[in-house]
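Next up, start-v3.csv (CSV, C-alpha atoms):
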```csv
chain,number,residue,atom,x,y,z
A,1,MET,CA,13.8,37.1,10.6
A,2,MET,CA,13.4,37.0,6.8
A,3,SER,CA,10.6,34.7,5.6
A,4,ARG,CA,10.9,32.3,2.6
A,5,VAL,CA,8.6,34.6,0.6
A,6,ASP,CA,11.0,37.6,1.2
A,7,LYS,CA,13.8,35.6,-0.3
A,8,LEU,CA,12.0,35.2,-3.7
A,9,PRO,CA,12.9,37.4,-6.7
A,10,PRO,CA,11.0,40.6,-7.0
A,11,GLY,CA,7.8,40.3,-9.1
A,12,THR,CA,7.2,36.6,-8.1
A,13,THR,CA,3.5,35.9,-8.3
A,14,HIS,CA,1.4,33.6,-6.3
A,15,ALA,CA,1.1,31.3,-9.4
A,16,ASP,CA,4.9,31.2,-9.5
A,17,LEU,CA,5.1,30.2,-5.9
A,18,TYR,CA,2.3,27.6,-6.4
A,19,ARG,CA,4.2,26.0,-9.3
A,20,TRP,CA,7.4,26.0,-7.3
A,21,GLN,CA,5.8,24.3,-4.3
A,22,PHE,CA,3.5,21.9,-6.0
A,23,GLY,CA,5.0,21.3,-9.5
A,24,GLY,CA,6.2,17.9,-10.7
A,25,ALA,CA,6.6,15.2,-8.1
A,26,LYS,CA,5.3,17.6,-5.4
A,27,ALA,CA,1.8,17.4,-6.9
A,28,VAL,CA,1.2,14.4,-4.6
A,29,HIS,CA,0.5,17.0,-1.9
A,30,LEU,CA,-2.4,18.3,-3.9
A,31,HIS,CA,-3.8,14.8,-4.3
A,32,ASN,CA,-3.5,14.4,-0.5
A,33,LEU,CA,-5.4,17.6,0.0
A,34,HIS,CA,-8.2,16.5,-2.3
A,35,PHE,CA,-8.4,13.1,-0.6
A,36,ALA,CA,-8.5,14.8,2.9
A,37,LEU,CA,-11.4,17.0,1.7
A,38,ALA,CA,-13.2,13.9,0.4
A,39,VAL,CA,-12.8,12.2,3.8
A,40,MET,CA,-14.1,15.3,5.6
A,41,LEU,CA,-17.2,15.6,3.3
A,42,ARG,CA,-18.0,11.9,3.6
A,43,ALA,CA,-17.7,12.1,7.4
A,44,LEU,CA,-19.9,15.1,7.5
A,45,ALA,CA,-22.5,13.4,5.4
A,46,ARG,CA,-22.4,10.4,7.7
A,47,ALA,CA,-22.9,12.6,10.8
A,48,SER,CA,-25.5,14.9,9.1
A,49,ASP,CA,-28.3,14.0,11.6
A,50,PHE,CA,-26.0,14.9,14.5
A,51,VAL,CA,-24.8,18.1,13.0
A,52,ARG,CA,-28.4,19.1,12.1
A,53,GLY,CA,-29.8,18.4,15.5
A,54,TYR,CA,-26.9,19.7,17.6
A,55,ASN,CA,-27.8,22.5,20.2
A,56,TYR,CA,-25.7,25.5,19.2
A,57,VAL,CA,-27.1,27.8,21.8
A,58,LEU,CA,-24.4,28.8,24.4
A,59,GLY,CA,-26.6,30.8,26.9
A,60,LEU,CA,-30.0,32.2,27.7
A,61,GLU,CA,-29.1,35.8,26.7
A,62,PRO,CA,-31.0,37.1,23.7
A,63,GLU,CA,-27.8,37.5,21.7
A,64,ALA,CA,-26.8,33.9,22.5
A,65,LEU,CA,-30.3,32.6,21.4
A,66,VAL,CA,-30.1,34.6,18.2
A,67,GLU,CA,-26.6,33.5,17.4
A,68,GLY,CA,-27.4,29.9,18.2
A,69,ALA,CA,-30.4,29.9,15.9
A,70,ARG,CA,-28.3,31.5,13.1
A,71,THR,CA,-25.6,28.8,13.6
A,72,ALA,CA,-28.2,26.0,13.5
A,73,ALA,CA,-29.7,27.4,10.3
A,74,LEU,CA,-26.2,27.5,8.7
A,75,ALA,CA,-25.5,24.0,9.8
A,76,HIS,CA,-28.8,22.8,8.4
A,77,ASP,CA,-28.0,24.5,5.1
A,78,VAL,CA,-24.7,22.8,4.9
A,79,VAL,CA,-25.9,19.3,5.6
A,80,GLN,CA,-28.9,19.8,3.2
A,81,SER,CA,-26.7,21.1,0.3
A,82,GLU,CA,-26.6,19.3,-3.0
A,83,GLY,CA,-22.8,19.0,-2.8
A,84,LEU,CA,-22.9,17.1,0.5
A,85,ALA,CA,-25.8,14.9,-0.8
A,86,ALA,CA,-23.6,13.9,-3.8
A,87,CYS,CA,-20.9,12.9,-1.4
A,88,SER,CA,-23.2,10.6,0.6
A,89,SER,CA,-24.7,9.0,-2.5
A,90,GLY,CA,-21.7,8.6,-4.7
A,91,LEU,CA,-18.0,9.6,-4.3
A,92,PRO,CA,-15.9,7.4,-6.5
A,93,ARG,CA,-12.6,8.7,-5.2
A,94,PHE,CA,-13.3,7.6,-1.6
A,95,ASP,CA,-15.1,4.5,-0.2
A,96,ALA,CA,-15.0,4.3,3.6
A,97,ASP,CA,-15.8,0.6,3.7
A,98,GLN,CA,-12.8,-0.1,1.5
A,99,LEU,CA,-10.5,2.1,3.5
A,100,PHE,CA,-11.7,0.7,6.8
A,101,ASP,CA,-12.5,-2.8,5.6
A,102,ALA,CA,-13.8,-4.1,8.9
A,103,HIS,CA,-17.3,-3.7,7.6
A,104,THR,CA,-16.5,-5.3,4.3
A,105,HIS,CA,-15.4,-8.6,5.9
A,106,ALA,CA,-17.7,-8.5,8.9
A,107,SER,CA,-20.0,-11.2,7.5
A,108,GLU,CA,-17.0,-13.5,6.8
A,109,ASP,CA,-15.3,-13.2,10.1
A,110,PRO,CA,-17.1,-10.9,12.7
A,111,GLN,CA,-14.5,-11.5,15.4
A,112,GLY,CA,-11.6,-10.9,13.0
A,113,ALA,CA,-13.2,-7.8,11.6
A,114,GLY,CA,-13.7,-6.4,15.1
A,115,ALA,CA,-10.1,-7.0,16.0
A,116,ASP,CA,-9.0,-5.3,12.8
A,117,LEU,CA,-11.1,-2.3,13.6
A,118,VAL,CA,-9.6,-2.0,17.1
A,119,GLU,CA,-6.1,-2.3,15.7
A,120,LEU,CA,-6.9,0.3,13.0
A,121,LYS,CA,-8.1,2.7,15.7
A,122,ARG,CA,-4.9,2.1,17.7
A,123,GLU,CA,-2.8,2.8,14.7
A,124,PHE,CA,-4.6,6.1,14.0
A,125,LYS,CA,-4.1,7.2,17.6
A,126,GLY,CA,-0.4,6.4,17.4
A,127,VAL,CA,0.0,8.3,14.2
A,128,PHE,CA,-1.9,11.3,15.5
A,129,HIS,CA,0.1,11.3,18.8
A,130,ASN,CA,3.4,11.3,16.9
A,131,ILE,CA,2.3,14.1,14.6
A,132,SER,CA,1.1,16.2,17.6
A,133,ALA,CA,4.4,15.6,19.4
A,134,ILE,CA,6.3,16.9,16.3
A,135,VAL,CA,4.1,20.0,16.1
A,136,ASP,CA,4.8,20.8,19.7
A,137,CYS,CA,8.4,21.5,18.6
A,138,VAL,CA,7.2,24.3,16.2
A,139,PRO,CA,8.1,27.7,17.7
A,140,CYS,CA,5.2,29.6,16.2
A,141,GLN,CA,2.2,29.5,18.6
A,142,LYS,CA,-0.4,30.3,15.9
A,143,CYS,CA,1.0,27.6,13.7
A,144,ARG,CA,0.6,25.1,16.5
A,145,LEU,CA,-2.9,26.3,17.2
A,146,HIS,CA,-4.1,26.0,13.6
A,147,PHE,CA,-2.4,22.7,13.0
A,148,LYS,CA,-3.8,21.1,16.1
A,149,VAL,CA,-7.3,22.3,15.3
A,150,GLN,CA,-7.0,20.7,11.9
A,151,LEU,CA,-5.5,17.6,13.3
A,152,LEU,CA,-8.5,17.3,15.7
A,153,GLY,CA,-10.9,17.9,12.9
A,154,ILE,CA,-9.4,15.2,10.7
A,155,GLY,CA,-9.3,12.8,13.7
A,156,THR,CA,-12.9,13.5,14.5
A,157,ALA,CA,-13.9,12.9,10.9
A,158,LEU,CA,-12.2,9.5,10.9
A,159,LYS,CA,-13.9,8.7,14.2
A,160,TRP,CA,-17.3,9.5,12.5
A,161,LEU,CA,-16.5,7.2,9.7
A,162,LEU,CA,-15.6,4.3,12.0
A,163,LEU,CA,-18.6,4.7,14.4
A,164,PRO,CA,-22.2,3.7,13.7
A,165,PRO,CA,-24.2,6.9,13.1
A,166,ALA,CA,-26.3,6.3,16.2
A,167,LEU,CA,-23.1,6.5,18.4
A,168,ILE,CA,-21.7,9.7,16.9
A,169,PRO,CA,-23.6,12.1,19.2
A,170,LEU,CA,-22.4,10.2,22.3
A,171,ALA,CA,-18.8,10.2,21.1
A,172,THR,CA,-18.4,13.8,19.9
A,173,ASP,CA,-18.0,16.9,22.1
A,174,ARG,CA,-18.3,20.6,21.1
A,175,GLU,CA,-14.6,21.1,20.5
A,176,GLU,CA,-14.5,18.3,18.0
A,177,LEU,CA,-17.5,19.6,16.1
A,178,VAL,CA,-15.9,23.1,16.0
A,179,ALA,CA,-12.6,21.5,14.8
A,180,VAL,CA,-14.4,19.6,12.0
A,181,VAL,CA,-16.1,22.8,10.8
A,182,ASN,CA,-12.9,24.8,10.8
A,183,THR,CA,-10.9,22.0,9.1
A,184,LEU,CA,-13.6,21.5,6.4
A,185,ALA,CA,-13.6,25.3,5.8
A,186,LYS,CA,-9.8,25.5,5.4
A,187,SER,CA,-9.7,22.4,3.2
A,188,THR,CA,-12.4,23.8,0.9
A,189,ARG,CA,-10.7,27.2,0.6
A,190,ALA,CA,-7.4,25.5,-0.1
A,191,VAL,CA,-8.8,23.3,-2.9
A,192,SER,CA,-10.6,26.4,-4.4
A,193,TRP,CA,-7.5,28.5,-4.4
A,194,ALA,CA,-5.3,25.7,-5.7
A,195,ALA,CA,-7.6,25.5,-8.7
A,196,LYS,CA,-7.4,29.3,-9.3
A,197,LEU,CA,-3.6,29.3,-8.9
A,198,ALA,CA,-3.2,26.2,-11.2
A,199,ALA,CA,-5.1,28.3,-13.9
A,200,GLY,CA,-2.4,31.0,-13.5
A,201,GLY,CA,-2.5,34.1,-11.4
A,202,SER,CA,-0.7,37.3,-11.9
A,203,ALA,CA,-0.9,39.0,-8.4
A,204,SER,CA,2.5,39.8,-7.0
A,205,LEU,CA,3.5,38.5,-3.6
A,206,SER,CA,4.3,42.1,-2.6
A,207,GLY,CA,0.6,43.0,-3.3
A,208,ASP,CA,-2.4,42.7,-1.1
A,209,GLU,CA,-2.2,39.2,0.5
A,210,SER,CA,-5.9,39.1,1.6
A,211,THR,CA,-7.2,39.4,-2.0
A,212,ALA,CA,-4.4,37.8,-3.9
A,213,ALA,CA,-3.7,34.7,-1.8
A,214,GLY,CA,-7.1,34.0,-0.2
A,215,PRO,CA,-8.2,34.2,3.4
A,216,ALA,CA,-5.5,35.0,5.9
A,217,GLU,CA,-4.4,32.1,8.2
A,218,GLY,CA,-3.4,34.3,11.1
A,219,SER,CA,-6.8,34.6,12.7
A,220,ALA,CA,-7.9,32.3,15.5
A,221,PRO,CA,-10.3,29.4,14.6
A,222,ALA,CA,-14.0,30.2,14.8
A,223,SER,CA,-15.9,28.9,17.8
```

Mind turning this structure into C-alpha cells?
Amino acid sequence: MMSRVDKLPPGTTHADLYRWQFGGAKAVHLHNLHFALAVMLRALARASDFVRGYNYVLGLEPEALVEGARTAALAHDVVQSEGLAACSSGLPRFDADQLFDAHTHASEDPQGAGADLVELKREFKGVFHNISAIVDCVPCQKCRLHFKVQLLGIGTALKWLLLPPALIPLATDREELVAVVNTLAKSTRAVSWAAKLAAGGSASLSGDESTAAGPAEGSAPAS
C-alpha cells in the first residue's frame, strides 16, 4: 500500500513536509507538543526523589547488576541536570497549581477542593479511556504499541502532578516509570527536530531517513 510520503512530488524535503503538516493554523499542534513536554518535565522534577532512588536492578546476575547501576547513574544525571532544575524552579509556560487548581483553593474550601480533584481525576480517566479505545481501531500494531506507551507516560506524569511527592513511590509501578522515560525521550526528540525543520532542511524524503528525519519510530520502546 502506498504511503502518504510516497504520494508527494519527487524532491520533496523534510522541511517541505514539515511546513505542509504544521504551517498556518496547524501550528497549534506544535504548541501542544511543547506544552506536553513542559508537563512531562515538571512531573519528572516533582518525582525526582522517586526516580533517583528507584531500584533499577532486575536480577542478581553480574550483567544485571552492572546494567542496573548504569541505569541508576543515568537517572541520577537526568534529575540532577540544570535543565530539569530550571523546570522545577521556574517554568512560566506551565503552572501545575493553576492547571489543577485544587491546591490553589484548598485553604478557601478544603472539601470543595478535594471534590474538584476527584472530579478532575475522573475526567482524565474518561478521556484517556476514550483515546485508548480509538487507538485500538488502528490496524498497525507498532503504532498502537508506541501510542499506548506514550499515553501511559503522559497519564503517569499527570498522576505525579496530582499526588503529593511522598505518595508517588507507592502509586507508580515499573511499567509507568518506563513509559514516562520513553515518552519524555520522544517528546524531547520531536521538539528538537521541529526546531531544526523550522529552520529549513534540505534532505530529500527519498534519502536516508535515519539521518535526515531523526530517530526511527519503528523500534520497540526501551525497557

If you count all atoms listed in the file, which residues fall within 7 Å of stretch 184-191 of chain A, apart from same-chain ones fewer than 5 positions away, as a list in words?
-> His34, Leu37 and Met40 of chain A

Please, what distance in Å, to one decimal, runs between atom CA of A:Gly153 and atom CA of A:Leu17?
-> 27.6 Å

Could you name the residues that touch stretch 18-29 of chain A at 8 Å or less, counting all atoms listed in the file, but leaving out those on the same chain fewer than 2 positions away, as number ranges by chain?
-> A: 14-16, 31-33, 194, 197-198

Which residues come within 12 Å of stretch 63-76 of chain A, counting all atoms listed in the file, excluding same-chain residues fewer than 2 positions away, as a list in words?
->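 The filter keeps Leu44, Ala45, Ala47, Ser48, Asp49, Phe50, Val51, Arg52, Gly53, Tyr54, Asn55, Tyr56, Val57, Leu58, Gly59, Leu60, Glu61, Val78, Val79, Gln80, Ser81, Leu84, Leu177, Val178, Val181, Ala222 and Ser223 of chain A.
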
Distance in Å - atom CA of A:Leu167 versus atom CA of A:Leu151 |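 Going from atom CA of A:Leu167 over to atom CA of A:Leu151 covers 21.4 Å.
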